[in-house]
$ cat run05.csv   # CSV, C-alpha atoms
chain,number,residue,atom,x,y,z
J,1,MET,CA,42.8,58.2,-2.5
J,2,LEU,CA,40.1,60.6,-3.5
J,3,ALA,CA,39.8,62.4,-6.8
J,4,LYS,CA,37.4,64.8,-8.3
J,5,ILE,CA,36.1,64.8,-11.9
J,6,ASN,CA,33.7,67.6,-12.8
J,7,ASN,CA,33.0,68.1,-9.1
J,8,PHE,CA,32.1,64.4,-8.6
J,9,GLU,CA,34.2,62.6,-6.1
J,10,ILE,CA,35.5,59.1,-6.6
J,11,ASP,CA,37.7,56.9,-4.4
J,12,LEU,CA,40.6,55.6,-6.5
J,13,SER,CA,41.4,53.0,-3.8
J,14,LYS,CA,38.2,51.1,-4.6
J,15,PRO,CA,38.3,50.1,-8.3
J,16,ILE,CA,35.7,47.7,-9.6
J,17,ASP,CA,37.4,45.5,-12.2
J,18,ILE,CA,34.8,44.2,-14.8
J,19,SER,CA,37.4,42.5,-17.0
J,20,ILE,CA,37.9,38.7,-17.3
J,21,PRO,CA,41.5,37.5,-16.9
J,22,LEU,CA,43.2,35.8,-19.8
J,23,THR,CA,44.6,32.4,-18.9
J,24,ASN,CA,45.9,29.2,-20.6
J,25,THR,CA,43.5,27.0,-18.6
J,26,ASP,CA,40.1,25.6,-19.2
J,27,GLU,CA,38.7,28.4,-17.0
J,28,ASN,CA,39.3,30.9,-19.9
J,29,PRO,CA,36.1,31.9,-21.8
J,30,ILE,CA,36.1,31.1,-25.5
J,31,ALA,CA,34.1,32.3,-28.4
J,32,TRP,CA,34.3,32.0,-32.2
J,33,TYR,CA,35.4,28.3,-32.5
J,34,ILE,CA,39.0,28.7,-31.4
J,35,GLU,CA,41.0,26.8,-28.8
J,36,LYS,CA,42.1,28.3,-25.4
J,37,PRO,CA,45.1,30.7,-25.3
J,38,VAL,CA,48.6,29.4,-25.2
J,39,ILE,CA,51.1,30.8,-22.7
J,40,GLU,CA,54.4,28.9,-22.8
J,41,PRO,CA,58.1,29.6,-22.2
J,42,VAL,CA,60.5,30.3,-25.1
J,43,VAL,CA,62.8,27.4,-25.9
J,44,PHE,CA,66.2,27.8,-27.5
J,45,GLY,CA,67.8,24.4,-27.8
J,46,ASP,CA,68.4,23.2,-24.2
J,47,TRP,CA,67.5,26.7,-22.8
J,48,ILE,CA,63.9,27.1,-21.4
J,49,GLY,CA,62.6,30.5,-20.4
J,50,LYS,CA,61.2,29.3,-17.1
J,51,VAL,CA,62.9,29.8,-13.7
J,52,SER,CA,61.4,26.6,-12.2
J,53,GLU,CA,63.1,24.5,-15.0
J,54,GLY,CA,66.5,25.6,-13.6
J,55,LYS,CA,67.8,26.8,-16.9
J,56,SER,CA,66.8,30.5,-16.8
J,57,SER,CA,67.1,33.5,-14.4
J,58,THR,CA,63.8,34.8,-15.8
J,59,ASN,CA,60.4,33.7,-16.9
J,60,PHE,CA,60.1,34.5,-20.6
J,61,ASN,CA,56.8,33.4,-22.1
J,62,ASN,CA,55.2,33.6,-25.5
J,63,ILE,CA,51.5,34.3,-25.5
J,64,PHE,CA,49.2,33.3,-28.4
J,65,PHE,CA,45.6,34.5,-28.1
J,66,ASN,CA,42.8,36.2,-30.0
J,67,PRO,CA,41.4,39.4,-28.5
J,68,HIS,CA,37.9,38.8,-29.9
J,69,GLY,CA,37.5,35.2,-28.8
J,70,HIS,CA,39.5,34.9,-25.5
J,71,GLY,CA,38.1,37.4,-23.1
J,72,THR,CA,37.4,41.1,-22.4
J,73,HIS,CA,38.4,43.2,-25.4
J,74,THR,CA,37.7,46.6,-26.8
J,75,GLU,CA,37.2,47.1,-30.5
J,76,CYS,CA,36.9,50.0,-32.9
J,77,LEU,CA,35.0,50.2,-36.3
J,78,GLY,CA,38.1,48.7,-37.9
J,79,HIS,CA,36.7,45.4,-36.8
J,80,ILE,CA,34.2,45.6,-39.7
J,81,THR,CA,35.7,47.9,-42.3
J,82,ASN,CA,37.7,47.2,-45.5
J,83,ASP,CA,40.2,49.9,-44.6
J,84,PHE,CA,42.4,49.5,-41.5
J,85,TYR,CA,41.5,51.3,-38.3
J,86,SER,CA,43.4,50.8,-35.1
J,87,ILE,CA,41.9,50.7,-31.6
J,88,ASN,CA,45.1,52.3,-30.4
J,89,GLN,CA,44.5,55.3,-32.6
J,90,SER,CA,40.7,55.4,-32.0
J,91,LEU,CA,40.7,55.4,-28.2
J,92,LYS,CA,42.6,58.5,-27.0
J,93,GLN,CA,40.7,59.3,-23.8
J,94,PHE,CA,40.3,56.8,-21.0
J,95,PHE,CA,38.0,58.2,-18.3
J,96,PHE,CA,34.2,58.6,-19.0
J,97,PHE,CA,31.0,59.1,-17.2
J,98,ALA,CA,29.1,55.8,-17.4
J,99,LYS,CA,25.8,54.2,-16.5
J,100,LEU,CA,25.5,50.6,-15.5
J,101,ILE,CA,22.2,48.9,-16.3
J,102,THR,CA,20.9,45.3,-16.0
J,103,VAL,CA,18.5,43.7,-18.5
J,104,GLU,CA,17.1,40.3,-19.1
J,105,PRO,CA,17.1,39.5,-22.9
J,106,GLN,CA,13.7,38.7,-24.3
J,107,GLU,CA,13.0,35.4,-26.1
J,108,THR,CA,11.9,36.0,-29.7
J,109,GLU,CA,11.6,33.1,-32.2
J,110,GLY,CA,14.3,31.1,-30.4
J,111,ASP,CA,16.7,34.0,-29.9
J,112,PHE,CA,17.3,36.1,-26.7
J,113,ILE,CA,17.4,39.8,-27.7
J,114,ILE,CA,18.1,43.0,-25.8
J,115,THR,CA,15.6,45.5,-27.0
J,116,LYS,CA,15.5,49.3,-27.3
J,117,GLU,CA,12.5,49.4,-24.8
J,118,GLN,CA,14.5,47.4,-22.2
J,119,ILE,CA,17.4,49.8,-22.4
J,120,GLN,CA,15.1,52.9,-22.2
J,121,LYS,CA,13.3,51.5,-19.2
J,122,ALA,CA,16.5,50.6,-17.3
J,123,LEU,CA,18.1,54.0,-18.0
J,124,SER,CA,14.9,55.9,-17.0
J,125,ALA,CA,15.1,54.2,-13.6
J,126,LEU,CA,18.5,55.7,-12.8
J,127,THR,CA,19.3,59.0,-11.2
J,128,SER,CA,20.3,61.6,-13.8
J,129,LEU,CA,23.5,63.6,-13.4
J,130,SER,CA,24.2,67.0,-14.9
J,131,VAL,CA,26.8,65.5,-17.2
J,132,THR,CA,26.8,63.8,-20.6
J,133,ASN,CA,27.0,60.0,-20.2
J,134,GLU,CA,29.7,58.9,-22.5
J,135,ALA,CA,29.6,55.1,-21.8
J,136,LEU,CA,26.9,52.5,-21.2
J,137,VAL,CA,27.6,49.2,-19.4
J,138,ILE,CA,25.1,46.4,-19.9
J,139,ARG,CA,24.8,43.5,-17.6
J,140,THR,CA,22.5,40.7,-18.7
J,141,LEU,CA,20.5,38.2,-16.7
J,142,PRO,CA,20.9,35.5,-15.6
J,143,ASN,CA,24.3,36.7,-14.3
J,144,GLN,CA,26.2,33.6,-13.3
J,145,GLN,CA,29.8,33.2,-12.4
J,146,ALA,CA,29.9,30.7,-15.3
J,147,LYS,CA,30.2,33.7,-17.7
J,148,LYS,CA,33.8,34.0,-16.7
J,149,SER,CA,34.7,30.6,-18.2
J,150,LYS,CA,31.8,30.0,-20.7
J,151,LYS,CA,32.4,28.3,-24.0
J,152,TYR,CA,30.2,30.4,-26.3
J,153,SER,CA,30.8,28.7,-29.7
J,154,ASN,CA,27.6,27.4,-31.3
J,155,THR,CA,25.4,28.4,-28.3
J,156,ASN,CA,23.5,31.3,-30.0
J,157,PRO,CA,24.1,33.8,-27.1
J,158,PRO,CA,21.9,36.8,-26.5
J,159,TYR,CA,22.5,39.9,-28.6
J,160,LEU,CA,21.5,43.5,-29.1
J,161,SER,CA,18.7,44.4,-31.5
J,162,GLU,CA,19.5,46.9,-34.3
J,163,GLU,CA,17.0,49.3,-32.9
J,164,ALA,CA,18.7,49.2,-29.5
J,165,ALA,CA,22.1,49.9,-31.0
J,166,ILE,CA,20.6,52.9,-32.9
J,167,PHE,CA,19.0,54.2,-29.7
J,168,ILE,CA,22.4,53.9,-27.9
J,169,ARG,CA,24.1,55.8,-30.7
J,170,GLU,CA,21.5,58.5,-30.8
J,171,SER,CA,21.9,58.9,-27.0
J,172,GLU,CA,25.4,60.0,-27.8
J,173,ILE,CA,27.0,57.0,-26.0
J,174,GLN,CA,30.5,56.7,-27.3
J,175,HIS,CA,31.6,53.6,-25.5
J,176,LEU,CA,29.4,50.5,-25.2
J,177,LEU,CA,30.3,47.6,-22.8
J,178,ILE,CA,28.5,44.3,-22.6
J,179,ASP,CA,28.9,40.9,-20.9
J,180,LEU,CA,28.4,38.9,-24.1
J,181,PRO,CA,30.8,37.7,-26.8
J,182,SER,CA,29.2,40.0,-29.4
J,183,VAL,CA,26.6,42.7,-29.7
J,184,ASP,CA,25.4,40.8,-32.8
J,185,LYS,CA,23.8,37.3,-33.3
J,186,GLU,CA,26.4,34.5,-33.6
J,187,HIS,CA,25.2,33.3,-37.0
J,188,ASP,CA,23.8,36.3,-38.8
J,189,GLU,CA,25.1,35.8,-42.4
J,190,GLY,CA,27.6,38.6,-41.8
J,191,LYS,CA,24.9,41.3,-41.4
J,192,LEU,CA,26.5,42.7,-38.2
J,193,LEU,CA,23.4,45.0,-37.8
J,194,ALA,CA,24.2,46.2,-34.2
J,195,HIS,CA,27.9,46.8,-34.9
J,196,LYS,CA,27.0,48.8,-38.0
J,197,ALA,CA,24.2,50.7,-36.2
J,198,PHE,CA,26.3,51.7,-33.2
J,199,TRP,CA,29.3,52.8,-35.3
J,200,ASN,CA,27.0,54.4,-37.9
J,201,VAL,CA,28.7,52.4,-40.7
J,202,LYS,CA,26.6,52.4,-43.8
J,203,ASP,CA,29.2,51.0,-46.2
J,204,THR,CA,32.1,48.9,-44.9
J,205,ILE,CA,34.0,49.3,-48.2
J,206,ASN,CA,33.7,53.0,-48.8
J,207,LEU,CA,33.3,54.4,-45.2
J,208,ASN,CA,30.8,57.1,-44.8
J,209,ALA,CA,32.0,60.5,-43.5
J,210,ASP,CA,29.8,60.4,-40.5
J,211,ALA,CA,30.9,57.0,-39.2
J,212,ARG,CA,31.9,57.1,-35.6
J,213,LEU,CA,35.7,56.7,-35.7
J,214,ASN,CA,36.2,57.2,-32.0
J,215,ALA,CA,33.4,55.0,-30.6
J,216,THR,CA,34.3,51.6,-29.1
J,217,ILE,CA,32.6,48.4,-28.2
J,218,THR,CA,33.8,46.3,-25.3
J,219,GLU,CA,32.6,42.7,-25.1
J,220,MET,CA,33.0,39.8,-22.7
J,221,ILE,CA,33.0,41.8,-19.5
J,222,TYR,CA,31.7,40.5,-16.2
J,223,VAL,CA,29.9,42.7,-13.6
J,224,PRO,CA,29.4,40.9,-10.3
J,225,ASN,CA,25.8,40.9,-8.9
J,226,GLU,CA,26.7,42.9,-5.9
J,227,ILE,CA,27.6,45.9,-8.1
J,228,GLU,CA,24.5,48.1,-8.2
J,229,ASP,CA,23.0,49.7,-11.3
J,230,GLY,CA,23.8,53.4,-11.4
J,231,ASN,CA,26.3,56.1,-12.2
J,232,TYR,CA,30.0,55.5,-12.4
J,233,ILE,CA,33.3,56.7,-13.7
J,234,LEU,CA,34.7,54.3,-16.3
J,235,ASN,CA,38.5,53.9,-16.8
J,236,LEU,CA,38.8,52.0,-20.1
J,237,GLN,CA,42.3,50.6,-20.3
J,238,ILE,CA,43.8,48.9,-23.4
J,239,ALA,CA,47.1,47.6,-24.5
J,240,SER,CA,48.7,49.6,-27.3
J,241,PHE,CA,48.0,47.2,-30.1
J,242,GLU,CA,47.9,48.6,-33.7
J,243,ASN,CA,44.9,46.3,-34.4
J,244,ASP,CA,41.2,46.6,-34.7
J,245,ALA,CA,40.9,45.3,-31.1
J,246,SER,CA,42.9,44.9,-27.9
J,247,PRO,CA,42.5,43.0,-24.7
J,248,SER,CA,41.2,45.5,-22.2
J,249,LYS,CA,40.6,46.2,-18.5
J,250,PRO,CA,37.6,48.3,-17.9
J,251,ILE,CA,37.4,49.7,-14.3
J,252,LEU,CA,34.4,51.3,-12.7
J,253,TYR,CA,34.5,53.8,-9.8
J,254,ARG,CA,31.4,54.7,-7.8
J,255,ILE,CA,30.6,58.4,-7.9
$ encode --input "run05.csv" --output "structure tokens"
Amino acid sequence: MLAKINNFEIDLSKPIDISIPLTNTDENPIAWYIEKPVIEPVVFGDWIGKVSEGKSSTNFNNIFFNPHGHGTHTECLGHITNDFYSINQSLKQFFFFAKLITVEPQETEGDFIITKEQIQKALSALTSLSVTNEALVIRTLPNQQAKKSKKYSNTNPPYLSEEAAIFIRESEIQHLLIDLPSVDKEHDEGKLLAHKAFWNVKDTINLNADARLNATITEMIYVPNEIEDGNYILNLQIASFENDASPSKPILYRI
């Protein structure tokens, strides 16, 4: 099935899913010092909400998970503000022009950091389209399948420099996607420099008027190696949670 967006043709029958499934197995990725998700049938006395147990005509599970720590998720600035902001209210459009780039974080004093210069260089190598790029997808190297089940807690994963986040914001990118558990350093004393820079949040208690209420960050994606850097249409799908973050399913379509 073909569709046209701003005269660019995409094939809707060939989606590229860059989300990581949420499971209750050891294959589920985990960050932020929590345990794996729980998916289990509801139990009322002798009744078990599981068809294979022979006591129910339906499967009827409860699911306990954390969107930030258990897989691909999309968050709004409500993740870091004193006042409540919902991803369901912040994200109202779902198709965007996007660029996919690949970078190898640079080692600096024991940390691995994605720099402004790396992002500039990767973007300059791509063909420019006569449209505003609304989303940026960052794949990091090495890009191993193990990312899909990695246990990130206390591993000091790579992260985005504050200067890189400012550059992305000033490039008018509204939606940032990355294959790491956070755009910020794991242990950073609560500074959250990249989050604040991207959302243009100067004060988390008294939010500044020019903070980017409709910008989003999507973390813990996985982009397979065979997907080439370049221009795409992004379909950013979330569940309708009134929460700062939601599990999400970002889909790319080749232009």
$ closest_atom_pairs --input "run05.csv" --of "stretch 71-107 of chain J" --to "stretch 173-178 of chain J" --cutoff "10 Å" --atoms "only C-alpha atoms" --output "tab-separated table"
residue	atom	partner	partner_atom	distance
J:Thr72	CA	J:Ile178	CA	9.5
J:His73	CA	J:Leu177	CA	9.6
J:Thr74	CA	J:Leu177	CA	8.5
J:Glu75	CA	J:His175	CA	9.9
J:Cys76	CA	J:His175	CA	9.8
J:Leu91	CA	J:His175	CA	9.7
J:Phe96	CA	J:His175	CA	8.6
J:Phe97	CA	J:Ile173	CA	9.9
J:Ala98	CA	J:His175	CA	8.8
J:Lys99	CA	J:Ile173	CA	10.0
J:Leu100	CA	J:Leu177	CA	9.2
$ closest_atom_pairs --input "run05.csv" --of "stretch 47-138 of chain J" --to "stretch 27-40 of chain J" --cutoff "9 Å" --atoms "only C-alpha atoms" --output "tab-separated table"
residue	atom	partner	partner_atom	distance
J:Gly49	CA	J:Glu40	CA	8.7
J:Lys50	CA	J:Glu40	CA	8.9
J:Phe60	CA	J:Glu40	CA	8.3
J:Asn61	CA	J:Glu40	CA	5.1
J:Asn62	CA	J:Glu40	CA	5.5
J:Ile63	CA	J:Ile39	CA	4.5
J:Phe64	CA	J:Val38	CA	5.1
J:Phe65	CA	J:Pro37	CA	4.7
J:Asn66	CA	J:Pro37	CA	7.6
J:His68	CA	J:Ala31	CA	7.7
J:Gly69	CA	J:Ala31	CA	4.5
J:His70	CA	J:Ile30	CA	5.1
J:Gly71	CA	J:Pro29	CA	6.0
$ atom_distance --input "run05.csv" --atom1 "atom CA of J:Leu180" --atom2 "atom CA of J:Gly110"
17.3 Å
$ atom_distance --input "run05.csv" --atom1 "atom CA of J:Asp26" --atom2 "atom CA of J:Arg139"
23.6 Å
$ closest_residue --input "run05.csv" --among "J:Pro250, J:Gly54, J:Gly78, J:Gly230" --to "J:Ala215" --atoms "all atoms listed in the file"
J:Gly78
$ closest_residue --input "run05.csv" --among "J:Glu186, J:Ser19, J:Arg212, J:Asp203" --to "J:Asn82" --atoms "all atoms listed in the file"
J:Asp203
$ closest_residue --input "run05.csv" --among "J:Ser240, J:Asn214, J:Asn6, J:Ser56" --to "J:Leu129" --atoms "only C-alpha atoms"
J:Asn6
$ closest_residue --input "run05.csv" --among "J:Glu189, J:Glu134, J:Asp111, J:Asp210" --to "J:Asn231" --atoms "only C-alpha atoms"
J:Glu134
$ closest_residue --input "run05.csv" --among "J:Thr127, J:Pro67, J:Ile18, J:Ser90" --to "J:Pro181" --atoms "all atoms listed in the file"
J:Pro67
$ atom_distance --input "run05.csv" --atom1 "atom CA of J:Ile166" --atom2 "atom CA of J:Gln120"
12.0 Å
$ closest_residue --input "run05.csv" --among "J:Ile233, J:Ala239, J:Ile217, J:Ile48" --to "J:Leu12" --atoms "all atoms listed in the file"
J:Ile233
$ residues_around --input "run05.csv" --residues "J:Pro105" --least-positions-apart "5" --cutoff "10 Å" --atoms "all atoms listed in the file" --output "number ranges by chain"
J: 111-115, 118, 140-142, 157-160
$ residues_around --input "run05.csv" --residues "J:Asp179" --least-positions-apart "5" --cutoff "6 Å" --atoms "only C-alpha atoms" --output "PyMOL selection string"
chain J and resi 139+219-222
$ residues_around --input "run05.csv" --residues "J:Asp11" --least-positions-apart "2" --cutoff "6 Å" --atoms "all atoms listed in the file" --output "list of chain:residue names"
J:Met1, J:Leu2, J:Ser13, J:Lys14
$ residues_around --input "run05.csv" --residues "J:Phe95" --least-positions-apart "3" --cutoff "9 Å" --atoms "only C-alpha atoms" --output "list in words"
Ile233, Leu234, Asn235, Leu236 and Gln237 of chain J
$ write_last_selection --input "run05.csv" --atoms "C-alpha atoms" --output "JSON list (two decimals), keeping the file's coordinate frame"
[["chain", "number", "residue", "atom", "x", "y", "z"],
["J", 233, "ILE", "CA", 33.30, 56.70, -13.70],
["J", 234, "LEU", "CA", 34.70, 54.30, -16.30],
["J", 235, "ASN", "CA", 38.50, 53.90, -16.80],
["J", 236, "LEU", "CA", 38.80, 52.00, -20.10],
["J", 237, "GLN", "CA", 42.30, 50.60, -20.30]]
